[in-house]
>>> print(open('structure_15.txt').read())   # compact mmCIF, C-alpha atoms
# COMPACT_ATOMS: atom_id res chain seq x y z
CA ARG A 146 -88.05 95.56 168.83
CA PRO A 147 -90.09 93.79 166.09
CA GLN A 148 -90.65 97.17 164.45
CA ALA A 149 -86.95 97.98 164.52
CA GLN A 150 -86.15 94.60 163.01
CA ARG A 151 -88.67 95.23 160.26
CA VAL A 152 -87.07 98.61 159.47
CA ARG A 153 -83.63 97.01 159.31
CA GLY A 154 -85.04 94.36 156.99
CA HIS A 155 -86.52 97.01 154.70
CA ARG A 156 -83.23 98.88 154.58
CA VAL A 157 -81.36 95.74 153.60
CA ASN A 158 -83.90 94.93 150.88
CA ILE A 159 -83.88 98.49 149.56
CA GLY A 160 -80.10 98.49 149.47
CA ARG A 161 -80.08 95.27 147.46
CA ALA A 162 -82.72 96.58 145.07
CA ALA A 163 -80.86 99.84 144.52
CA ALA A 164 -77.68 97.95 143.68
CA GLN A 165 -79.37 95.59 141.22
CA HIS A 166 -82.20 97.58 139.68
CA LYS A 167 -81.59 99.70 136.56
CA PRO A 168 -84.91 101.37 135.81
CA VAL A 169 -86.12 101.43 132.22
CA ARG A 170 -88.05 104.56 131.30
CA PRO A 171 -90.67 103.80 128.62
CA ALA A 172 -91.46 106.60 126.17
CA SER A 173 -95.04 106.57 127.44
CA GLU A 174 -93.87 107.21 131.00
CA ARG A 175 -91.07 109.72 130.51
CA ARG A 176 -90.37 111.50 133.76
CA ALA A 177 -88.84 114.82 134.65
CA ALA A 178 -85.08 114.92 135.04
CA GLY A 179 -84.02 114.11 138.56
CA GLU A 180 -87.13 112.11 139.40
CA ARG A 181 -86.55 108.96 141.44
CA ARG A 182 -89.10 106.24 142.01
CA LEU A 183 -89.20 104.70 145.48
CA PRO A 184 -90.71 101.58 147.08
CA SER A 185 -94.45 101.10 146.71
CA ARG A 186 -96.93 102.23 149.32
CA ALA A 187 -97.58 98.60 150.12
CA THR A 188 -93.91 98.14 150.98
CA LEU A 189 -94.08 100.94 153.54
CA ALA A 190 -97.55 100.13 154.85
CA GLY A 191 -97.75 99.42 158.56
CA LEU A 192 -94.63 101.35 159.57
CA ASP A 193 -95.25 104.01 162.19
CA ALA A 194 -93.82 107.56 162.18
CA ASP A 195 -90.76 106.59 164.26
CA ALA A 196 -89.83 103.77 161.92
CA LEU A 197 -90.40 105.95 158.84
CA ALA A 198 -88.19 108.65 160.36
CA VAL A 199 -85.35 106.12 160.27
CA LEU A 200 -86.19 104.79 156.84
CA TRP A 201 -86.81 107.98 154.83
CA PRO A 202 -83.32 109.52 155.19
CA ALA A 203 -81.88 106.20 153.99
CA LEU A 204 -84.25 106.14 151.02
CA ALA A 205 -83.42 109.72 150.10
CA ALA A 206 -79.69 109.07 150.38
CA ARG A 207 -80.03 106.21 147.88
CA VAL A 208 -81.11 108.72 145.23
CA GLY A 209 -78.61 111.41 146.20
CA LEU A 210 -80.85 113.59 148.36
CA THR A 211 -80.39 114.69 151.95
CA LEU A 212 -83.39 115.16 154.22
CA ASP A 213 -83.25 117.46 157.23
CA ARG A 214 -85.36 116.91 160.33
CA ARG A 215 -88.35 118.84 159.00
CA GLY A 216 -88.22 117.09 155.63
CA THR A 217 -88.02 113.71 157.34
CA ARG A 218 -91.03 114.55 159.51
CA ARG A 219 -93.05 115.66 156.49
CA ALA A 220 -92.11 112.57 154.49
CA SER A 221 -93.07 110.30 157.37
CA GLY A 222 -96.44 111.96 157.86
CA PHE A 223 -97.16 112.02 154.13
CA THR A 224 -96.42 108.30 153.86
CA ILE A 225 -99.17 107.61 156.38
CA GLU A 226 -101.74 110.23 155.35
CA GLY A 227 -100.93 111.18 151.74
CA ARG A 228 -103.28 110.31 148.90
CA ALA A 229 -102.69 109.53 145.24
CA GLY A 230 -102.08 112.69 143.22
CA GLN A 231 -100.84 114.71 146.20
CA GLU A 232 -97.36 116.01 146.94
CA VAL A 233 -95.51 117.58 149.85
CA PRO A 234 -92.42 119.85 149.76
CA LEU A 235 -89.42 118.55 151.66
CA ALA A 236 -86.37 120.81 151.26
CA GLY A 237 -84.33 122.58 148.59
CA GLY A 238 -87.02 122.35 145.93
CA VAL A 239 -87.44 118.59 146.46
CA VAL A 240 -90.98 117.26 146.66
CA LEU A 241 -92.38 113.86 147.58
CA ARG A 242 -95.23 112.77 145.34
CA CYS A 243 -97.72 109.97 145.70
CA GLY A 244 -98.38 108.63 142.21
CA GLY A 245 -100.95 105.94 142.78
CA ASN A 246 -99.23 102.99 144.43
CA ARG A 247 -95.73 104.43 144.42
CA PHE A 248 -93.89 107.36 145.96
CA VAL A 249 -91.61 109.59 143.89
CA LEU A 250 -88.89 112.04 144.96
CA CYS A 251 -88.06 114.80 142.49
CA ARG A 252 -87.09 118.42 142.14
CA ARG A 253 -90.05 120.66 141.39
CA THR A 254 -89.86 122.27 137.98
CA PRO A 255 -92.54 124.51 136.49
CA ASP A 256 -94.46 123.23 133.48
CA ILE A 257 -94.41 126.63 131.82
CA ASP A 258 -91.61 129.18 131.57
CA PRO A 259 -92.69 132.19 133.68
CA VAL A 260 -91.72 134.53 130.84
CA ALA A 261 -93.70 132.62 128.20
CA PRO A 262 -96.64 134.48 126.66
CA ASP A 263 -100.07 133.77 128.08
CA ALA A 264 -101.28 132.34 124.76
CA LEU A 265 -99.53 131.17 121.61
CA ARG A 266 -100.89 131.07 118.09
CA LEU A 267 -100.92 127.56 116.69
CA GLY A 268 -98.84 127.65 113.53
CA PRO A 269 -96.83 124.78 112.02
CA HIS A 270 -95.10 124.36 115.40
CA ALA A 271 -95.69 125.66 118.91
CA ILE A 272 -94.08 124.87 122.26
CA LEU A 273 -95.71 125.65 125.59
CA GLY A 274 -93.66 124.43 128.55
CA ARG A 275 -93.22 120.68 128.16
CA PHE A 276 -95.82 120.43 125.41
CA ARG A 277 -94.99 120.56 121.71
CA PHE A 278 -97.64 120.99 119.01
CA THR A 279 -97.04 120.01 115.40
CA ARG A 280 -99.34 120.60 112.47
CA ALA A 281 -99.97 117.66 110.16
CA ALA A 282 -102.09 117.01 107.08
CA GLY A 283 -105.80 116.71 107.81
CA ASP A 284 -108.83 116.31 105.60
CA GLY A 285 -111.51 115.05 107.96
CA ALA A 286 -111.43 111.60 106.36
CA ARG A 287 -109.52 109.94 109.21
CA PRO A 288 -110.91 110.89 112.61
CA PRO A 289 -108.28 111.53 115.29
CA GLY A 290 -107.68 108.39 117.31
CA SER A 291 -105.52 109.38 120.25
CA LEU A 292 -106.60 112.20 122.52
CA TRP A 293 -103.18 113.67 121.79
CA GLU A 294 -104.47 114.50 118.29
CA ALA A 295 -107.22 116.83 117.14
CA GLU A 296 -108.58 118.28 113.90
CA PHE A 297 -110.04 121.73 113.41
CA ASP A 298 -111.71 123.69 110.68
CA ARG A 299 -108.95 125.11 108.51
CA ASP A 300 -110.20 128.68 108.99
CA ALA A 301 -110.52 128.48 112.78
CA ALA A 302 -108.46 130.88 114.88
CA LEU A 303 -106.37 128.60 117.08
CA THR A 304 -104.33 129.44 120.18
CA VAL A 305 -102.90 127.40 123.04
CA ARG A 306 -102.41 128.43 126.67
CA GLY A 307 -102.29 126.94 130.11
CA TRP A 308 -105.69 126.21 131.63
CA ARG A 309 -107.05 128.56 134.28
CA PRO A 310 -109.38 128.01 137.24
CA GLY A 311 -112.91 128.47 136.00
CA ASP A 312 -112.16 127.34 132.43
CA ARG A 313 -114.96 125.27 130.94
CA MET A 314 -115.39 123.07 127.89
CA PRO A 315 -118.53 121.40 126.45
CA ALA A 316 -118.86 117.77 127.51
CA GLY A 317 -120.30 116.73 124.13
CA GLU A 318 -122.76 117.71 121.43
CA GLY A 319 -125.46 119.68 123.16
CA GLY A 320 -123.89 118.78 126.46
CA ARG A 321 -123.40 121.04 129.42
CA ALA A 322 -119.99 122.70 129.74
CA ARG A 323 -117.85 121.31 132.55
CA ARG A 324 -114.82 122.70 134.29
CA VAL A 325 -111.49 121.77 132.76
CA LYS A 326 -110.37 120.85 136.27
CA ARG A 327 -113.01 118.10 136.33
CA PHE A 328 -111.90 116.73 132.96
CA LEU A 329 -108.32 116.57 134.25
CA ALA A 330 -109.46 114.79 137.40
CA ASP A 331 -111.60 112.31 135.43
CA ALA A 332 -108.57 111.52 133.25
CA ARG A 333 -106.59 110.86 136.46
CA VAL A 334 -104.05 113.58 135.77
CA PRO A 335 -102.32 113.91 139.18
CA ALA A 336 -102.85 117.22 140.96
CA PHE A 337 -99.12 118.00 140.84
CA ASP A 338 -99.18 117.57 137.05
CA ARG A 339 -102.10 119.89 136.31
CA PRO A 340 -100.49 123.34 136.59
CA GLY A 341 -99.61 124.50 133.09
CA TRP A 342 -101.58 121.76 131.31
CA PRO A 343 -102.48 123.23 127.91
CA VAL A 344 -105.88 123.93 126.41
CA VAL A 345 -106.41 124.74 122.74
CA VAL A 346 -108.85 127.54 122.05
CA ALA A 347 -110.72 127.56 118.71
CA ASP A 348 -112.54 130.77 117.79
CA GLY A 349 -112.61 131.87 121.41
CA ALA A 350 -113.80 128.60 123.02
CA ILE A 351 -111.80 125.76 124.56
CA ALA A 352 -111.97 122.84 122.13
CA TRP A 353 -109.17 120.49 123.14
CA ILE A 354 -107.40 119.43 126.33
CA PRO A 355 -104.49 117.41 124.90
CA GLY A 356 -104.37 113.85 126.18
CA VAL A 357 -107.65 114.36 128.05
CA ARG A 358 -110.65 115.43 125.96
CA ARG A 359 -111.80 116.92 122.64
CA SER A 360 -114.98 118.87 122.03
CA ASP A 361 -117.04 118.65 118.84
CA ALA A 362 -115.13 121.70 117.59
CA ALA A 363 -111.99 119.53 117.53
CA THR A 364 -113.43 116.88 115.20
CA VAL A 365 -114.07 117.92 111.59
CA ARG A 366 -116.66 116.20 109.45
CA PRO A 367 -115.37 114.28 106.40
CA GLY A 368 -114.87 116.34 103.27
CA ARG A 369 -114.40 119.67 105.04
CA PRO A 370 -111.10 121.57 104.87
CA ALA A 371 -109.27 120.71 108.06
CA VAL A 372 -106.01 121.08 109.90
CA ARG A 373 -104.69 118.39 112.24
CA TYR A 374 -102.45 118.89 115.25
CA GLU A 375 -100.48 116.42 117.29
CA CYS A 376 -99.26 117.13 120.83
CA ASP A 377 -96.21 115.52 122.44
CA ARG A 378 -95.19 115.89 126.04
CA ASN A 379 -91.51 115.94 126.91
CA ASP A 380 -90.79 115.13 130.55
CA GLY A 381 -87.15 114.24 130.24
>>> encode(input="structure_15.txt", output="structure tokens")
Amino acid sequence: RPQAQRVRGHRVNIGRAAAQHKPVRPASERRAAGERRLPSRATLAGLDADALAVLWPALAARVGLTLDRRGTRRASGFTIEGRAGQEVPLAGGVVLRCGGNRFVLCRRTPDIDPVAPDALRLGPHAILGRFRFTRAAGDGARPPGSLWEAEFDRDAALTVRGWRPGDRMPAGEGGRARRVKRFLADARVPAFDRPGWPVVVADGAIAWIPGVRRSDAATVRPGRPAVRYECDRNDG
């Protein structure tokens, strides 16, 4: 009975929050269309599978989604055992993600168009899935600040593609090459966000993981002819 009362209390509180809360989506945290943030993990902590089986359909209904019995069972189990960066499919292309301290319901969309070429030449503009690359003036005098910017030798052959298992990039000058997967993990890019993440290849070697890491090949010394690129990610 105490557990049932707690579930009813959560449903009342969630209903009030849904009626009053109008989420603001900062540019730095733009999310894919259809994504809905849900109560924090702390809010749901301590509820057992039976209680969560009552609560999850109500949560999904608040954001316009319907969970069947299997989806409800998966959501309940994932709430108890899921870890940050993981996701579980529910039904109809809907997935439940654990993004740190908060759960998210959304429809799964690929980062890269299946018919897109494997690699694109970096010209004045290039778009790969949700990532847009724009060429800007660069002379090596102002080092790139954000990891969403990089400079290259003007004569370098530059292409961009999605990273692949086994891809490696140098960790620093004279440093040992590490797997791109490790760089993504170190940057806390959630596992569900990694498919399709771009890498920029300069003269045949990975030199830049936008938003994550640059190699020495993506930082030009002052006074040398250079070209600068900026990468923007569009999630909405």
>>> atom_distance(input="structure_15.txt", atom1="CA of Ile225 in chain A", atom2="CA of Asp331 in chain A")
24.8 Å
>>> residues_around(input="structure_15.txt", residues="range 268-273 of chain A", least_positions_apart="2", cutoff="12 Å", atoms="only C-alpha atoms", output="VMD selection string")
chain A and resid 255 to 266 275 to 282 299 301 to 308 341 to 345 372 to 379
>>> residues_around(input="structure_15.txt", residues="Trp353 in chain A", least_positions_apart="2", cutoff="9 Å", atoms="all atoms listed in the file", output="PyMOL selection string")
chain A and resi 292+295+314+343-347+351+355-360+362-363
>>> atom_distance(input="structure_15.txt", atom1="CA of Cys251 in chain A", atom2="CA of Phe223 in chain A")
15.0 Å
>>> atom_distance(input="structure_15.txt", atom1="CA of Leu200 in chain A", atom2="CA of Arg218 in chain A")
11.2 Å
>>> residues_around(input="structure_15.txt", residues="Arg242 in chain A", least_positions_apart="2", cutoff="10 Å", atoms="all atoms listed in the file", output="VMD selection string")
chain A and resid 182 220 223 to 224 227 to 234 239 to 240 244 to 245 247 to 251 335 to 337
>>> closest_residue(input="structure_15.txt", among="A:Asp298, A:Leu267, A:Leu212, A:Pro315", to="Val365 in chain A", atoms="all atoms listed in the file")
A:Asp298
>>> closest_residue(input="structure_15.txt", among="A:Ala330, A:Asp338, A:Trp201, A:Leu210", to="Gly222 in chain A", atoms="only C-alpha atoms")
A:Trp201
>>> closest_residue(input="structure_15.txt", among="A:Leu197, A:Cys243, A:Asp300, A:Ala205", to="Pro370 in chain A", atoms="all atoms listed in the file")
A:Asp300
>>> closest_residue(input="structure_15.txt", among="A:Ser291, A:Thr364, A:Asn246, A:Ser221", to="Ala196 in chain A", atoms="all atoms listed in the file")
A:Ser221
